[in-house]
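For reference, protein-v3.txt is printed below; it contains compact mmCIF, C-alpha atoms.
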# COMPACT_ATOMS: atom_id res chain seq x y z
CA MET Y 1 -1.13 19.19 -6.08
CA THR Y 2 0.54 19.52 -2.70
CA ARG Y 3 -1.30 18.85 0.51
CA PRO Y 4 -3.37 21.85 1.56
CA PRO Y 5 -2.81 23.59 4.89
CA MET Y 6 -5.05 22.76 7.80
CA SER Y 7 -7.83 25.27 8.44
CA ASP Y 8 -10.45 25.87 11.08
CA LEU Y 9 -12.89 23.02 11.72
CA PRO Y 10 -15.72 22.25 11.45
CA HIS Y 11 -16.44 25.36 9.33
CA ASP Y 12 -13.98 24.54 6.53
CA LYS Y 13 -16.06 23.70 3.45
CA SER Y 14 -13.32 21.39 2.16
CA VAL Y 15 -13.90 18.88 4.96
CA LYS Y 16 -15.19 15.71 3.36
CA ASN Y 17 -18.63 14.61 4.44
CA PRO Y 18 -18.29 11.06 5.77
CA ASN Y 19 -21.84 10.32 4.58
CA ASP Y 20 -21.17 10.83 0.86
CA ASP Y 21 -21.08 7.41 -0.75
CA SER Y 22 -22.40 4.54 1.37
CA GLN Y 23 -25.58 2.73 0.34
CA MET Y 24 -26.64 1.25 3.68
CA PRO Y 25 -27.37 2.95 7.00
CA GLN Y 26 -24.08 3.95 8.57
CA ILE Y 27 -23.60 2.46 11.99
CA TYR Y 28 -20.62 3.64 14.02
CA PRO Y 29 -19.06 1.76 16.94
CA ASP Y 30 -20.08 2.95 20.38
CA GLN Y 31 -18.27 2.64 23.69
CA ALA Y 32 -19.92 -0.67 24.48
CA ASN Y 33 -19.01 -2.10 21.06
CA PRO Y 34 -15.77 -0.42 19.91
CA ILE Y 35 -13.50 -1.23 17.01
CA GLU Y 36 -10.25 -2.59 18.40
CA VAL Y 37 -6.95 -2.36 16.56
CA ILE Y 38 -3.28 -3.23 16.82
CA ASP Y 39 -0.91 -0.71 15.30
CA MET Y 40 2.36 -1.73 13.66
CA HIS Y 41 4.83 -0.10 11.31
CA THR Y 42 7.20 -1.44 8.69
CA GLY Y 43 10.13 0.83 8.00
CA GLY Y 44 8.13 3.73 9.41
CA GLU Y 45 5.01 3.07 7.31
CA PRO Y 46 2.00 2.53 9.62
CA LEU Y 47 -0.39 -0.39 9.59
CA ARG Y 48 -3.57 -0.36 11.67
CA ILE Y 49 -4.87 -3.93 11.93
CA VAL Y 50 -8.53 -4.27 12.84
CA THR Y 51 -8.86 -7.06 15.40
CA SER Y 52 -12.54 -6.80 16.39
CA GLY Y 53 -15.68 -4.72 16.07
CA TYR Y 54 -15.82 -4.49 12.26
CA PRO Y 55 -18.99 -5.81 10.56
CA ASP Y 56 -18.82 -9.03 8.58
CA ILE Y 57 -17.96 -8.44 4.92
CA PRO Y 58 -19.77 -10.87 2.58
CA GLY Y 59 -18.68 -11.82 -0.92
CA LYS Y 60 -17.82 -14.92 -2.93
CA ASP Y 61 -14.20 -13.81 -3.34
CA ILE Y 62 -11.82 -11.11 -2.15
CA LEU Y 63 -12.70 -8.70 -4.96
CA ALA Y 64 -16.41 -9.04 -4.16
CA LYS Y 65 -15.62 -8.31 -0.51
CA ARG Y 66 -13.61 -5.27 -1.60
CA ARG Y 67 -16.58 -3.99 -3.61
CA TYR Y 68 -18.96 -4.57 -0.71
CA ALA Y 69 -16.72 -2.72 1.74
CA LYS Y 70 -16.32 0.19 -0.66
CA THR Y 71 -20.08 0.46 -1.22
CA ASN Y 72 -21.41 -0.22 2.27
CA LEU Y 73 -18.68 0.27 4.89
CA ASP Y 74 -16.62 3.14 3.59
CA HIS Y 75 -17.62 5.31 6.54
CA LEU Y 76 -15.62 2.95 8.77
CA ARG Y 77 -12.56 3.28 6.55
CA ARG Y 78 -12.75 7.05 7.03
CA PHE Y 79 -13.50 6.60 10.74
CA LEU Y 80 -10.24 4.67 11.24
CA MET Y 81 -7.93 6.29 8.66
CA PHE Y 82 -8.90 9.96 8.89
CA GLU Y 83 -8.49 12.42 11.72
CA PRO Y 84 -9.03 12.55 14.64
CA ARG Y 85 -8.05 8.86 15.03
CA GLY Y 86 -5.73 8.61 12.07
CA HIS Y 87 -3.93 11.02 9.76
CA TYR Y 88 -3.38 11.78 6.09
CA ASP Y 89 -0.86 8.95 5.64
CA MET Y 90 -2.50 6.27 7.79
CA TYR Y 91 -2.81 2.76 6.36
CA GLY Y 92 -4.97 -0.11 7.52
CA ALA Y 93 -5.80 -3.79 7.18
CA VAL Y 94 -9.22 -5.39 7.63
CA LEU Y 95 -9.07 -9.18 7.90
CA VAL Y 96 -11.83 -11.11 6.13
CA GLU Y 97 -12.74 -14.74 5.55
CA PRO Y 98 -10.43 -16.31 2.93
CA SER Y 99 -11.85 -17.62 -0.34
CA LEU Y 100 -8.68 -19.19 -1.79
CA ALA Y 101 -7.72 -22.73 -0.81
CA GLY Y 102 -4.63 -22.74 1.38
CA ALA Y 103 -4.98 -19.14 2.57
CA ASP Y 104 -4.33 -18.62 6.29
CA LEU Y 105 -6.00 -15.21 6.23
CA ALA Y 106 -7.36 -12.70 3.77
CA VAL Y 107 -7.03 -8.94 3.93
CA LEU Y 108 -8.51 -5.74 2.55
CA PHE Y 109 -6.09 -2.82 2.51
CA ILE Y 110 -7.43 0.66 3.31
CA HIS Y 111 -5.90 4.14 3.07
CA ASN Y 112 -6.81 7.80 2.56
CA GLU Y 113 -8.41 7.25 -0.86
CA GLY Y 114 -9.92 3.78 -0.73
CA TYR Y 115 -8.87 0.15 -1.10
CA SER Y 116 -5.59 -1.00 -2.67
CA THR Y 117 -4.96 -4.37 -4.29
CA MET Y 118 -1.57 -5.15 -2.72
CA CYS Y 119 0.62 -3.79 0.04
CA GLY Y 120 4.06 -5.20 0.74
CA HIS Y 121 4.72 -3.37 3.98
CA ALA Y 122 1.39 -4.69 5.30
CA ILE Y 123 2.29 -8.25 4.30
CA LEU Y 124 5.56 -7.99 6.24
CA ALA Y 125 3.65 -6.84 9.32
CA LEU Y 126 0.77 -9.32 8.95
CA GLY Y 127 3.24 -12.20 8.74
CA ARG Y 128 4.42 -11.46 12.27
CA TYR Y 129 0.91 -10.68 13.51
CA ALA Y 130 -0.53 -13.95 12.20
CA ILE Y 131 1.94 -15.98 14.25
CA ASP Y 132 2.09 -13.79 17.35
CA TYR Y 133 -1.71 -13.79 17.67
CA GLY Y 134 -2.28 -17.48 16.95
CA LEU Y 135 -3.71 -17.39 13.43
CA VAL Y 136 -0.84 -19.61 12.28
CA PRO Y 137 1.17 -21.94 14.57
CA ALA Y 138 4.85 -21.05 14.87
CA ILE Y 139 7.40 -23.39 13.30
CA GLU Y 140 11.10 -22.68 13.76
CA PRO Y 141 13.16 -21.43 12.02
CA ILE Y 142 10.70 -20.36 9.27
CA THR Y 143 6.90 -20.26 9.35
CA GLN Y 144 4.99 -19.80 6.10
CA VAL Y 145 1.91 -17.58 6.18
CA ASN Y 146 -0.34 -17.55 3.11
CA ILE Y 147 -2.15 -14.23 2.77
CA GLU Y 148 -4.97 -13.73 0.26
CA CYS Y 149 -4.93 -10.20 -1.17
CA PRO Y 150 -7.12 -8.59 -3.83
CA CYS Y 151 -4.24 -9.17 -6.29
CA GLY Y 152 -3.97 -12.88 -5.38
CA MET Y 153 -2.14 -15.14 -2.93
CA VAL Y 154 1.04 -13.75 -1.36
CA ARG Y 155 3.27 -16.14 0.57
CA ALA Y 156 5.19 -14.77 3.54
CA GLU Y 157 8.05 -16.53 5.34
CA VAL Y 158 8.51 -15.41 8.93
CA GLU Y 159 11.71 -15.94 10.89
CA VAL Y 160 11.01 -17.57 14.26
CA LYS Y 161 13.63 -18.11 16.96
CA ASP Y 162 12.97 -19.13 20.56
CA GLY Y 163 9.28 -18.51 19.97
CA LYS Y 164 9.79 -14.92 18.82
CA THR Y 165 9.05 -13.63 15.33
CA GLY Y 166 11.56 -11.54 13.41
CA LYS Y 167 12.08 -10.44 9.83
CA VAL Y 168 9.65 -11.47 7.12
CA ARG Y 169 10.14 -12.23 3.45
CA PHE Y 170 7.34 -12.46 0.91
CA ALA Y 171 7.12 -13.87 -2.59
CA SER Y 172 5.19 -11.49 -4.82
CA VAL Y 173 2.39 -12.26 -7.21
CA PRO Y 174 3.70 -12.37 -10.81
CA SER Y 175 5.23 -8.93 -11.42
CA PHE Y 176 6.07 -7.49 -14.82
CA MET Y 177 7.03 -4.48 -16.89
CA PHE Y 178 3.89 -3.25 -18.63
CA ALA Y 179 5.54 -0.50 -20.68
CA ALA Y 180 9.08 0.81 -21.10
CA ASP Y 181 10.47 4.29 -21.74
CA LEU Y 182 7.15 5.99 -22.42
CA GLU Y 183 7.72 9.58 -23.55
CA LEU Y 184 5.11 11.85 -22.00
CA GLN Y 185 4.61 15.49 -21.13
CA LEU Y 186 3.49 17.31 -18.00
CA THR Y 187 0.94 20.10 -18.13
CA ASP Y 188 3.79 22.64 -17.87
CA GLY Y 189 5.35 21.21 -21.03
CA HIS Y 190 8.18 19.32 -19.32
CA ARG Y 191 8.86 16.09 -21.21
CA PHE Y 192 9.93 12.93 -19.38
CA LYS Y 193 10.34 9.18 -19.75
CA THR Y 194 8.73 6.59 -17.50
CA ASP Y 195 8.30 2.85 -17.23
CA ILE Y 196 5.08 1.23 -16.01
CA GLY Y 197 5.51 -1.75 -13.71
CA TYR Y 198 3.15 -4.12 -11.90
CA GLY Y 199 3.97 -5.67 -8.53
CA GLY Y 200 0.45 -6.31 -7.26
CA ALA Y 201 -0.45 -2.75 -8.26
CA TYR Y 202 0.57 -0.56 -11.19
CA TYR Y 203 3.14 2.21 -10.78
CA ALA Y 204 4.79 4.77 -13.01
CA ILE Y 205 8.49 4.32 -12.18
CA LEU Y 206 11.04 6.88 -13.28
CA ASP Y 207 14.29 8.70 -12.51
CA ALA Y 208 13.74 11.90 -10.51
CA ARG Y 209 16.92 13.38 -11.98
CA GLN Y 210 14.91 14.14 -15.13
CA PHE Y 211 13.38 16.94 -13.07
CA GLY Y 212 16.57 17.99 -11.26
CA LEU Y 213 15.37 16.48 -7.98
CA GLU Y 214 17.08 14.21 -5.47
CA ILE Y 215 15.25 11.70 -3.27
CA THR Y 216 15.62 13.53 0.04
CA PRO Y 217 13.17 14.40 2.83
CA ASN Y 218 13.59 18.11 2.01
CA ASN Y 219 12.09 17.47 -1.43
CA VAL Y 220 9.03 15.50 -0.32
CA GLY Y 221 6.58 18.28 -1.18
CA LYS Y 222 8.02 18.78 -4.66
CA LEU Y 223 8.26 15.05 -5.32
CA THR Y 224 4.68 14.41 -4.17
CA ALA Y 225 3.29 17.18 -6.38
CA LEU Y 226 5.37 15.89 -9.28
CA ALA Y 227 4.09 12.33 -8.73
CA GLU Y 228 0.50 13.52 -9.04
CA ASP Y 229 1.27 15.30 -12.32
CA ILE Y 230 3.06 12.21 -13.64
CA CYS Y 231 0.08 9.99 -12.80
CA ALA Y 232 -2.26 12.41 -14.57
CA ALA Y 233 -0.04 12.30 -17.67
CA VAL Y 234 0.10 8.50 -17.65
CA ASN Y 235 -3.65 8.13 -17.12
CA ALA Y 236 -4.34 10.50 -20.00
CA CYS Y 237 -2.23 8.55 -22.49
CA THR Y 238 -1.74 4.96 -21.34
CA PRO Y 239 -4.70 2.59 -20.88
CA LEU Y 240 -3.84 -0.22 -18.47
CA SER Y 241 -5.02 -3.82 -18.55
CA HIS Y 242 -4.34 -6.91 -16.49
CA PRO Y 243 -4.64 -10.55 -17.63
CA ASP Y 244 -6.39 -11.66 -14.44
CA HIS Y 245 -9.02 -9.01 -13.73
CA ASN Y 246 -10.03 -5.54 -14.88
CA HIS Y 247 -10.27 -4.41 -11.25
CA LEU Y 248 -6.46 -4.62 -11.07
CA ALA Y 249 -5.97 -2.34 -14.09
CA PHE Y 250 -5.50 1.09 -12.54
CA LEU Y 251 -2.49 3.26 -11.79
CA TYR Y 252 -1.95 3.22 -8.03
CA GLY Y 253 0.85 5.76 -7.85
CA ALA Y 254 4.26 6.95 -8.98
CA ILE Y 255 7.70 5.90 -7.76
CA LEU Y 256 10.50 8.39 -8.26
CA THR Y 257 13.98 6.90 -7.99
CA ASP Y 258 17.60 7.98 -7.79
CA GLY Y 259 18.20 6.33 -11.18
CA LYS Y 260 20.43 3.59 -9.79
CA ASP Y 261 18.67 0.69 -11.48
CA ALA Y 262 21.70 -1.33 -12.61
CA TYR Y 263 22.63 -4.03 -10.12
CA GLU Y 264 25.36 -2.93 -7.71
CA ASP Y 265 26.31 -3.30 -4.07
CA ASN Y 266 25.16 0.22 -3.18
CA PRO Y 267 21.53 0.80 -2.17
CA THR Y 268 19.06 2.54 -4.44
CA ARG Y 269 16.56 5.03 -3.01
CA ASN Y 270 13.01 5.83 -4.07
CA ILE Y 271 9.88 7.60 -2.90
CA CYS Y 272 6.39 6.24 -3.58
CA ALA Y 273 3.38 8.55 -3.69
CA PHE Y 274 0.11 6.61 -3.97
CA ALA Y 275 -3.64 6.99 -3.54
CA LYS Y 276 -4.42 10.65 -2.76
CA ASN Y 277 -0.83 11.97 -2.53
CA GLN Y 278 -0.08 9.56 0.30
CA VAL Y 279 3.67 9.14 0.86
CA ASP Y 280 5.01 5.72 1.80
CA ARG Y 281 7.60 5.89 4.57
CA SER Y 282 8.86 2.43 3.61
CA PRO Y 283 10.50 1.52 0.28
CA THR Y 284 7.07 0.08 -0.77
CA GLY Y 285 6.95 -3.71 -1.08
CA SER Y 286 4.74 -3.84 -4.17
CA GLY Y 287 6.81 -1.03 -5.64
CA VAL Y 288 10.05 -2.91 -5.03
CA SER Y 289 8.46 -5.91 -6.79
CA ALA Y 290 7.57 -3.71 -9.77
CA ARG Y 291 11.04 -2.13 -9.84
CA LEU Y 292 12.68 -5.55 -9.80
CA ALA Y 293 10.44 -6.68 -12.66
CA ILE Y 294 11.49 -3.68 -14.74
CA GLN Y 295 15.17 -4.09 -13.86
CA HIS Y 296 15.03 -7.75 -14.83
CA ALA Y 297 13.20 -7.04 -18.09
CA LYS Y 298 15.91 -4.53 -19.01
CA GLY Y 299 18.74 -6.91 -18.13
CA LEU Y 300 19.86 -4.86 -15.13
CA ILE Y 301 19.52 -7.58 -12.49
CA ALA Y 302 19.77 -11.37 -12.67
CA PRO Y 303 17.89 -13.95 -10.59
CA ASN Y 304 19.18 -14.33 -7.03
CA GLN Y 305 21.10 -11.05 -7.04
CA THR Y 306 20.12 -9.21 -3.87
CA ARG Y 307 19.58 -5.46 -3.88
CA GLN Y 308 18.89 -2.98 -1.08
CA PHE Y 309 16.03 -0.54 -1.63
CA ASP Y 310 15.87 2.51 0.66
CA SER Y 311 12.89 4.75 1.39
CA ILE Y 312 12.63 8.52 1.67
CA ILE Y 313 13.39 8.24 5.42
CA GLY Y 314 16.24 5.74 4.96
CA SER Y 315 14.47 2.52 6.00
CA SER Y 316 15.35 -0.50 3.86
CA PHE Y 317 13.92 -3.57 2.16
CA GLU Y 318 15.98 -6.34 0.62
CA GLY Y 319 14.81 -7.42 -2.83
CA SER Y 320 15.72 -10.02 -5.42
CA VAL Y 321 14.32 -11.92 -8.39
CA ALA Y 322 13.40 -15.32 -6.97
CA SER Y 323 12.24 -16.85 -10.28
CA THR Y 324 10.78 -16.05 -13.68
CA THR Y 325 7.28 -16.80 -14.91
CA THR Y 326 4.58 -15.36 -17.15
CA CYS Y 327 1.39 -13.39 -16.53
CA GLY Y 328 -0.83 -13.55 -19.58
CA PRO Y 329 1.24 -12.11 -22.45
CA HIS Y 330 3.83 -10.61 -20.09
CA GLN Y 331 7.21 -12.04 -19.15
CA ALA Y 332 7.12 -11.82 -15.36
CA ILE Y 333 9.08 -12.50 -12.21
CA ILE Y 334 8.36 -13.62 -8.68
CA ALA Y 335 10.03 -10.99 -6.53
CA SER Y 336 11.37 -11.75 -3.08
CA VAL Y 337 11.13 -8.83 -0.63
CA LYS Y 338 12.37 -8.87 2.97
CA GLY Y 339 11.89 -6.36 5.77
CA GLN Y 340 11.18 -5.84 9.46
CA ALA Y 341 7.89 -4.79 11.05
CA HIS Y 342 7.42 -3.64 14.64
CA TYR Y 343 4.47 -3.22 17.00
CA SER Y 344 3.43 0.29 18.05
CA GLY Y 345 0.46 -0.25 20.37
CA THR Y 346 -3.23 -1.01 20.67
CA ALA Y 347 -6.38 1.10 20.72
CA ARG Y 348 -10.17 0.95 21.12
CA PHE Y 349 -12.15 3.40 19.00
CA TRP Y 350 -15.76 4.53 19.29
CA HIS Y 351 -18.01 7.43 18.35
CA GLU Y 352 -20.05 9.62 20.67
CA GLY Y 353 -23.46 10.77 19.51
CA GLY Y 354 -23.53 14.33 18.24
CA ASP Y 355 -19.83 14.35 17.31
CA GLU Y 356 -20.02 15.09 13.59
CA VAL Y 357 -16.31 15.87 13.22
CA GLY Y 358 -15.52 12.66 15.07
CA ARG Y 359 -16.93 10.60 12.21
CA GLY Y 360 -13.66 11.29 10.42
CA PHE Y 361 -12.45 14.17 8.28
CA ILE Y 362 -9.71 15.02 5.86
CA VAL Y 363 -8.91 18.51 4.65
CA GLY Y 364 -8.29 19.05 0.96
Would you kindly transcribe this structure into structure tokens?
Amino acid sequence: MTRPPMSDLPHDKSVKNPNDDSQMPQIYPDQANPIEVIDMHTGGEPLRIVTSGYPDIPGKDILAKRRYAKTNLDHLRRFLMFEPRGHYDMYGAVLVEPSLAGADLAVLFIHNEGYSTMCGHAILALGRYAIDYGLVPAIEPITQVNIECPCGMVRAEVEVKDGKTGKVRFASVPSFMFAADLELQLTDGHRFKTDIGYGGAYYAILDARQFGLEITPNNVGKLTALAEDICAAVNACTPLSHPDHNHLAFLYGAILTDGKDAYEDNPTRNICAFAKNQVDRSPTGSGVSARLAIQHAKGLIAPNQTRQFDSIIGSSFEGSVASTTTCGPHQAIIASVKGQAHYSGTARFWHEGGDEVGRGFIVG
């Protein structure tokens, strides 16, 4: 399914009601008590970091906090991610109290559909943010920032020179190939092969040339629609599981590649469509981790070989297999992913009484 065209508001019946699924009274920020944010981007992929004004999120661990936010505070996710303050492809980070020993901060990731378990582009941005805004003291030339995510602890290494932060590298949670060369069929009868990889989230990862498509901006609409059909085919035939927690066992999206999986000096390009047809402008950090795990499992890349992964817009991450490990019954790797995040600006958001559309809407 491609993204629908915009239509007149507020009369369009497809506008989502922001009051659908919360269990507690929905309280929106007002002008005296706004939600404040800092916006960043990593390789073109946005990250809206909530810095103040968000309610406390209780829970004994990060997954409990994720459940609480989904049940009780989802109107604020829509308020920040959806129009008129955000857009279809907005992405956000809500910082919460850590529950893991050694964590410098903990984060819930939000997007157009809900709450993801891992986000590499956000980790690369949060590494800089944590140092620049005093959450972690700067140590030259490398400062380690430990970030608790719903998928587990992710360790970021931030370059620091003359007091300024630069590129960031993170070590993934154990990443692995869940299934190889699955033969499936789309609803139109087209047969294809796909791998399933985990890099903090599960992805169907496959060569777009099976469908006669190249990874170019002109093909984004076709690739996004195809990704949705692929995910439907995988979900219909391939039950997922995860050794650590059932809440991690869901297909987050599809990554269509140029097929250049064997290690070489030339970059390889991919597009990641996740959540509700949301297109990642970056190469996708968790997706790069999953791709590296599959490449390693198939003998296509060795530890410490560095590969460049390009996004649909041409931005790049550097990826390599830092080490090997296990995750339950799976042979796994620790992926190393490096990229650059930049600041975009700051904002203060509030809601005026009587503004129903201003609570947040998405068309589709």
Edge lengths and centre, in Å to one decimal, as JSON: that's what I need for the box along x, y and z that holds all listed atoms of stretch 191-194 of chain Y plus 4 Å on each side.
{"center_x": 9.5, "center_y": 11.3, "center_z": -19.4, "size_x": 9.6, "size_y": 17.5, "size_z": 11.7}
Hey, could you make a per-residue contact list for stretch 246-343 of chain Y against stretch 69-89 of chain Y with 12 Å as the cut-off, showing the nearest pair of atoms and its distance in Å to one decimal, counting only C-alpha atoms, sorted by chain and number, as CSV?
residue,atom,partner,partner_atom,distance
Y:Ala273,CA,Y:Asp89,CA,10.3
Y:Phe274,CA,Y:Asp89,CA,9.9
Y:Ala275,CA,Y:Asp89,CA,9.8
Y:Lys276,CA,Y:Tyr88,CA,9.0
Y:Asn277,CA,Y:Asp89,CA,8.7
Y:Gln278,CA,Y:Asp89,CA,5.4
Y:Val279,CA,Y:Asp89,CA,6.6
Y:Asp280,CA,Y:Asp89,CA,7.7
Y:Arg281,CA,Y:Asp89,CA,9.1
Y:Ser282,CA,Y:Asp89,CA,11.9
Using all atoms listed in the file, find all polymer residues with an atom at most 7 Å away from the point (3.1, -7.1, -21.8); report them as a ChimeraX atom specification. /Y:177-178,329-331
Which neighbours of Y:Val154 fall inside 7 Å, counting all atoms listed in the file, when residues of the same chain fewer than 6 positions from it are skipped, and could you give them as a list in words?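 Answer for this query is Asn146, Ile147, Glu148, Phe170, Ala171, Ser172 and Val173 of chain Y.
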Could you dump the residues just selected with C-alpha atoms as an mmCIF file, in the coordinates of the input?
data_model
loop_
_atom_site.group_PDB
_atom_site.id
_atom_site.type_symbol
_atom_site.label_atom_id
_atom_site.label_comp_id
_atom_site.auth_asym_id
_atom_site.auth_seq_id
_atom_site.Cartn_x
_atom_site.Cartn_y
_atom_site.Cartn_z
ATOM 1 C CA ASN Y 146 -0.340 -17.550 3.110
ATOM 2 C CA ILE Y 147 -2.150 -14.230 2.770
ATOM 3 C CA GLU Y 148 -4.970 -13.730 0.260
ATOM 4 C CA PHE Y 170 7.340 -12.460 0.910
ATOM 5 C CA ALA Y 171 7.120 -13.870 -2.590
ATOM 6 C CA SER Y 172 5.190 -11.490 -4.820
ATOM 7 C CA VAL Y 173 2.390 -12.260 -7.210
#
Let me make sure I understand: among Y:Gly134, Y:Gly197, Y:Pro98, Y:Gly163, which one has the smallest atom-to-atom distance to Y:Pro150 if we use all atoms listed in the file? Y:Pro98
